[in-house]
Structure formats: structure tokens, C-alpha cells
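For reference, input-v1.cif (mmCIF, C-alpha atoms):
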data_start
loop_
_atom_site.group_PDB
_atom_site.id
_atom_site.type_symbol
_atom_site.label_atom_id
_atom_site.label_comp_id
_atom_site.auth_asym_id
_atom_site.auth_seq_id
_atom_site.Cartn_x
_atom_site.Cartn_y
_atom_site.Cartn_z
ATOM 1 C CA MET A 24 -142.162 141.316 21.659
ATOM 2 C CA ALA A 25 -139.523 139.363 19.707
ATOM 3 C CA GLU A 26 -141.779 136.314 19.689
ATOM 4 C CA ARG A 27 -144.643 138.293 18.142
ATOM 5 C CA ALA A 28 -142.298 139.924 15.622
ATOM 6 C CA LEU A 29 -141.023 136.490 14.584
ATOM 7 C CA GLU A 30 -144.584 135.209 14.214
ATOM 8 C CA VAL A 31 -145.647 138.138 12.017
ATOM 9 C CA TYR A 32 -142.455 137.936 9.963
ATOM 10 C CA LEU A 33 -142.758 134.211 9.322
ATOM 11 C CA GLN A 34 -146.470 134.372 8.588
ATOM 12 C CA ASP A 35 -145.882 137.151 6.068
ATOM 13 C CA HIS A 36 -143.235 135.024 4.394
ATOM 14 C CA TRP A 37 -145.657 132.087 4.448
ATOM 15 C CA ALA A 38 -148.107 134.247 2.481
ATOM 16 C CA GLY A 39 -145.346 135.226 0.066
ATOM 17 C CA ALA A 40 -144.264 131.597 -0.326
ATOM 18 C CA THR A 41 -147.850 130.669 -1.144
ATOM 19 C CA ALA A 42 -148.061 133.399 -3.780
ATOM 20 C CA GLY A 43 -144.654 132.497 -5.220
ATOM 21 C CA ALA A 44 -145.510 128.810 -5.503
ATOM 22 C CA GLU A 45 -148.798 129.690 -7.186
ATOM 23 C CA LEU A 46 -147.054 131.996 -9.643
ATOM 24 C CA ALA A 47 -144.316 129.526 -10.566
ATOM 25 C CA ASN A 48 -146.835 126.735 -11.068
ATOM 26 C CA ARG A 49 -149.080 129.058 -13.071
ATOM 27 C CA ILE A 50 -146.219 129.878 -15.441
ATOM 28 C CA VAL A 51 -145.608 126.154 -15.939
ATOM 29 C CA ASP A 52 -149.296 125.484 -16.614
ATOM 30 C CA HIS A 53 -149.999 128.572 -18.709
ATOM 31 C CA TYR A 54 -146.991 128.168 -20.981
ATOM 32 C CA ALA A 55 -147.320 124.389 -21.457
ATOM 33 C CA GLY A 56 -145.408 123.349 -24.534
ATOM 34 C CA ALA A 57 -143.394 126.575 -24.676
ATOM 35 C CA GLU A 58 -139.695 126.767 -23.872
ATOM 36 C CA VAL A 59 -140.341 128.732 -20.684
ATOM 37 C CA GLU A 60 -142.460 125.874 -19.323
ATOM 38 C CA THR A 61 -139.542 123.466 -19.401
ATOM 39 C CA GLN A 62 -137.227 126.151 -18.015
ATOM 40 C CA VAL A 63 -139.495 126.943 -15.059
ATOM 41 C CA ARG A 64 -140.790 123.412 -14.262
ATOM 42 C CA SER A 65 -137.788 122.463 -12.106
ATOM 43 C CA LEU A 66 -137.775 125.899 -10.484
ATOM 44 C CA ALA A 67 -141.449 125.510 -9.533
ATOM 45 C CA ALA A 68 -140.656 122.193 -7.839
ATOM 46 C CA ASP A 69 -137.804 123.848 -5.916
ATOM 47 C CA ILE A 70 -140.080 126.702 -4.828
ATOM 48 C CA ASP A 71 -142.631 124.168 -3.587
ATOM 49 C CA ALA A 72 -139.851 122.394 -1.659
ATOM 50 C CA ASP A 73 -138.681 125.707 -0.183
ATOM 51 C CA ARG A 74 -142.242 126.364 0.974
ATOM 52 C CA GLU A 75 -142.208 122.989 2.713
ATOM 53 C CA SER A 76 -138.914 123.942 4.394
ATOM 54 C CA LEU A 77 -140.598 127.103 5.640
ATOM 55 C CA ALA A 78 -143.504 124.990 6.909
ATOM 56 C CA ALA A 79 -141.013 122.858 8.863
ATOM 57 C CA ILE A 80 -139.521 126.012 10.392
ATOM 58 C CA LEU A 81 -142.964 127.305 11.351
ATOM 59 C CA ASP A 82 -143.746 123.962 12.984
ATOM 60 C CA ARG A 83 -140.409 123.819 14.815
ATOM 61 C CA LEU A 84 -140.850 127.342 16.182
ATOM 62 C CA GLY A 85 -144.518 126.819 17.049
ATOM 63 C CA VAL A 86 -145.740 129.479 14.625
ATOM 64 C CA ASP A 87 -149.205 128.959 13.176
ATOM 65 C CA ARG A 88 -149.432 128.745 9.391
ATOM 66 C CA SER A 89 -151.838 131.601 9.074
ATOM 67 C CA ALA A 90 -154.588 130.479 6.727
ATOM 68 C CA VAL A 91 -155.700 134.092 6.393
ATOM 69 C CA LYS A 92 -152.279 135.316 5.291
ATOM 70 C CA ALA A 93 -151.803 132.324 2.990
ATOM 71 C CA ALA A 94 -155.190 133.069 1.431
ATOM 72 C CA MET A 95 -154.169 136.710 1.016
ATOM 73 C CA GLY A 96 -151.007 135.595 -0.803
ATOM 74 C CA TRP A 97 -153.047 133.251 -2.983
ATOM 75 C CA LEU A 98 -155.612 135.976 -3.741
ATOM 76 C CA GLY A 99 -152.889 138.527 -4.418
ATOM 77 C CA GLU A 100 -151.364 136.249 -7.032
ATOM 78 C CA LYS A 101 -154.798 135.772 -8.645
ATOM 79 C CA ALA A 102 -155.436 139.548 -8.626
ATOM 80 C CA ALA A 103 -152.084 140.126 -10.312
ATOM 81 C CA ARG A 104 -153.179 137.744 -13.073
ATOM 82 C CA LEU A 105 -156.233 139.882 -13.726
ATOM 83 C CA LYS A 106 -154.134 143.018 -13.979
ATOM 84 C CA LEU A 107 -151.473 141.477 -16.145
ATOM 85 C CA GLY A 108 -153.483 139.449 -18.618
ATOM 86 C CA PRO A 109 -156.530 141.307 -19.902
ATOM 87 C CA LEU A 110 -155.249 144.784 -19.147
ATOM 88 C CA THR A 111 -151.963 144.569 -21.020
ATOM 89 C CA GLY A 112 -153.131 142.525 -23.987
ATOM 90 C CA GLN A 113 -149.482 141.618 -24.593
ATOM 91 C CA PRO A 114 -148.594 138.025 -23.673
ATOM 92 C CA GLN A 115 -144.838 138.652 -23.816
ATOM 93 C CA LEU A 116 -145.188 141.635 -21.456
ATOM 94 C CA VAL A 117 -147.241 139.455 -19.106
ATOM 95 C CA LEU A 118 -144.486 136.831 -18.986
ATOM 96 C CA PHE A 119 -141.840 139.510 -18.413
ATOM 97 C CA MET A 120 -143.817 140.948 -15.483
ATOM 98 C CA GLU A 121 -144.531 137.485 -14.056
ATOM 99 C CA LEU A 122 -140.827 136.673 -14.137
ATOM 100 C CA GLU A 123 -140.085 139.991 -12.462
ATOM 101 C CA ALA A 124 -142.571 139.219 -9.680
ATOM 102 C CA LEU A 125 -141.030 135.775 -9.298
ATOM 103 C CA SER A 126 -137.555 137.297 -9.094
ATOM 104 C CA LEU A 127 -138.679 139.727 -6.408
ATOM 105 C CA GLY A 128 -140.299 136.908 -4.453
ATOM 106 C CA ILE A 129 -137.120 134.846 -4.587
ATOM 107 C CA SER A 130 -135.161 137.870 -3.342
ATOM 108 C CA GLY A 131 -137.575 138.071 -0.407
ATOM 109 C CA LYS A 132 -137.088 134.378 0.294
ATOM 110 C CA LEU A 133 -133.311 134.843 0.275
ATOM 111 C CA ALA A 134 -133.726 137.691 2.773
ATOM 112 C CA LEU A 135 -135.779 135.362 4.996
ATOM 113 C CA TRP A 136 -133.175 132.603 5.004
ATOM 114 C CA ARG A 137 -130.371 135.086 5.765
ATOM 115 C CA ALA A 138 -132.371 136.730 8.580
ATOM 116 C CA LEU A 139 -133.052 133.341 10.162
ATOM 117 C CA GLU A 140 -129.360 132.455 9.866
ATOM 118 C CA VAL A 141 -128.389 135.427 12.018
ATOM 119 C CA ALA A 142 -131.305 135.044 14.434
ATOM 120 C CA PHE A 143 -130.965 131.328 15.236
ATOM 121 C CA ALA A 144 -128.151 128.941 15.991
ATOM 122 C CA PRO A 145 -128.134 125.905 13.659
ATOM 123 C CA GLU A 146 -129.231 123.594 16.478
ATOM 124 C CA ALA A 147 -132.388 125.672 16.958
ATOM 125 C CA LEU A 148 -133.537 124.697 13.458
ATOM 126 C CA PRO A 149 -132.039 121.233 12.957
ATOM 127 C CA LEU A 150 -134.491 120.198 10.242
ATOM 128 C CA VAL A 151 -133.280 122.753 7.709
ATOM 129 C CA ASP A 152 -129.964 123.911 6.333
ATOM 130 C CA LEU A 153 -130.463 127.672 6.061
ATOM 131 C CA ASP A 154 -127.168 128.176 4.268
ATOM 132 C CA ASP A 155 -128.173 125.618 1.635
ATOM 133 C CA LEU A 156 -131.597 127.240 1.270
ATOM 134 C CA ALA A 157 -129.946 130.651 0.834
ATOM 135 C CA ARG A 158 -127.524 129.270 -1.750
ATOM 136 C CA ARG A 159 -130.411 127.699 -3.646
ATOM 137 C CA ALA A 160 -132.361 130.990 -3.529
ATOM 138 C CA GLU A 161 -129.349 132.802 -4.993
ATOM 139 C CA GLU A 162 -129.192 130.249 -7.815
ATOM 140 C CA GLN A 163 -132.944 130.549 -8.392
ATOM 141 C CA ARG A 164 -132.731 134.325 -8.490
ATOM 142 C CA ALA A 165 -129.863 134.260 -10.999
ATOM 143 C CA PHE A 166 -131.759 131.782 -13.176
ATOM 144 C CA VAL A 167 -135.014 133.778 -13.135
ATOM 145 C CA GLU A 168 -133.135 137.026 -13.708
ATOM 146 C CA GLY A 169 -131.627 135.553 -16.866
ATOM 147 C CA LEU A 170 -135.077 134.583 -18.143
ATOM 148 C CA ARG A 171 -136.526 137.946 -17.105
ATOM 149 C CA LEU A 172 -133.840 139.967 -18.827
ATOM 150 C CA ASP A 173 -134.188 137.915 -22.016
ATOM 151 C CA GLU A 174 -137.926 138.648 -22.026
ATOM 152 C CA GLY A 175 -137.301 142.301 -21.147
ATOM 153 C CA ARG A 176 -134.926 142.714 -24.058
ATOM 154 C CA ALA A 177 -137.618 141.452 -26.426
ATOM 155 C CA VAL A 178 -140.521 143.354 -24.835
ATOM 156 C CA LEU A 179 -138.971 146.690 -23.942
ATOM 157 C CA HIS A 180 -136.713 147.122 -26.937
ATOM 158 C CA GLU A 181 -138.449 145.735 -29.977
ATOM 159 C CA GLN A 182 -136.280 145.602 -33.044
#

Can you dump the structure from the file as C-alpha cells?
Amino acid sequence: MAERALEVYLQDHWAGATAGAELANRIVDHYAGAEVETQVRSLAADIDADRESLAAILDRLGVDRSAVKAAMGWLGEKAARLKLGPLTGQPQLVLFMELEALSLGISGKLALWRALEVAFAPEALPLVDLDDLARRAEEQRAFVEGLRLDEGRAVLHEQ
């Protein structure tokens, strides 16, 4: 039972990592030339690297990278674009909500790293430093939260 629970848990996080990487890279591409593009570019690279760390964990533990769940994460991110863009008609609100989704995704990633830290001894996952990944997720979350709150101030309380 624990083996199946681990498989489902990791595959769900794989889907989330796929969606998060897509979202971060979309922000970089969509806001090319804007200040937020330069702010998020390095973050997007870190999120891609974190996804590769998760891939290494999946490989080490013999968990299949579920193409179906990854596709669901990819499609979910695309569906969110449809809802956010044309339906709001407010580009600044779209960015605020994208940053909020990114922040939530990073919080989920932090939860993953912490759960794996308590479930596995370091020698079970020698290819990754879970504590370093968790520390980086905390830094990413703080960074994105700063951007999100700046956007929220402008969008939710117009002066």
C-alpha cells in the first residue's frame, strides 16, 4: 500500500511540476521586455531544475513518469490561460493570478520536499539534497510572494 501511495503522490507532483514549469516559462515569454520577465527568468530556470530533481527521484525510486498526469498538468495550465486571459480582460489581474498560482505551486513543491525528507533517509535518495531543495523552494516562494503582493496592491486597490 505504501508503495502505491508513494507512486500516486510522486506522479501527482510530477503533473504539478509540469504545470508549474509551463506557467513560469509562459510568464517569461508572455511578458518579454517587461520588468517581470527579467524577475521571473531565473526563477523559471530554477523551477525547470527542480523538475529535473523530481525526475531523478522518480527514476531512483522506480516510479514511472506518468505521461497522462504530466499531460493533465500541461492541459490544466493551458486551460487556466483561457480562463485568465480573455475572461478577465485585465492584463494586470491576469499577472496577479498567475503569480498566485505559481506561489501555490511552489508551496506544494516545498511540501513534497519536506514529506520526502521525513519518509526517506538521505542515503535512499543520494542524487538529491532534499534540504537544499526545500530551502530553495522557500526562497522561491518568498520571491514570488513579493511579486504577487506588489501586483495585488496595484490590482485590488487602485488609487

Neighbour list for range 162-179 of chain A as a PyMOL selection string, cut-off 12 Å, all atoms listed in the file, skip fewer than 2 positions in-chain: chain A and resi 47+58-60+62-70+73+113-134+155-160+181-182

Residues matched by the PyMOL selection byres ((chain A and resi 80) around 10) as a PyMOL selection string: chain A and resi 33+74-79+81-86+139+147-151

CA of Arg27 in chain A to CA of Asp87 in chain A, straight-line distance in Å: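 Going from CA of Asp87 in chain A over to CA of Arg27 in chain A, I get 11.5 Å.
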
Proximity to Trp136 in chain A - best of A:Ala42, A:His36, A:Asn48, A:Tyr54, all atoms listed in the file: A:His36
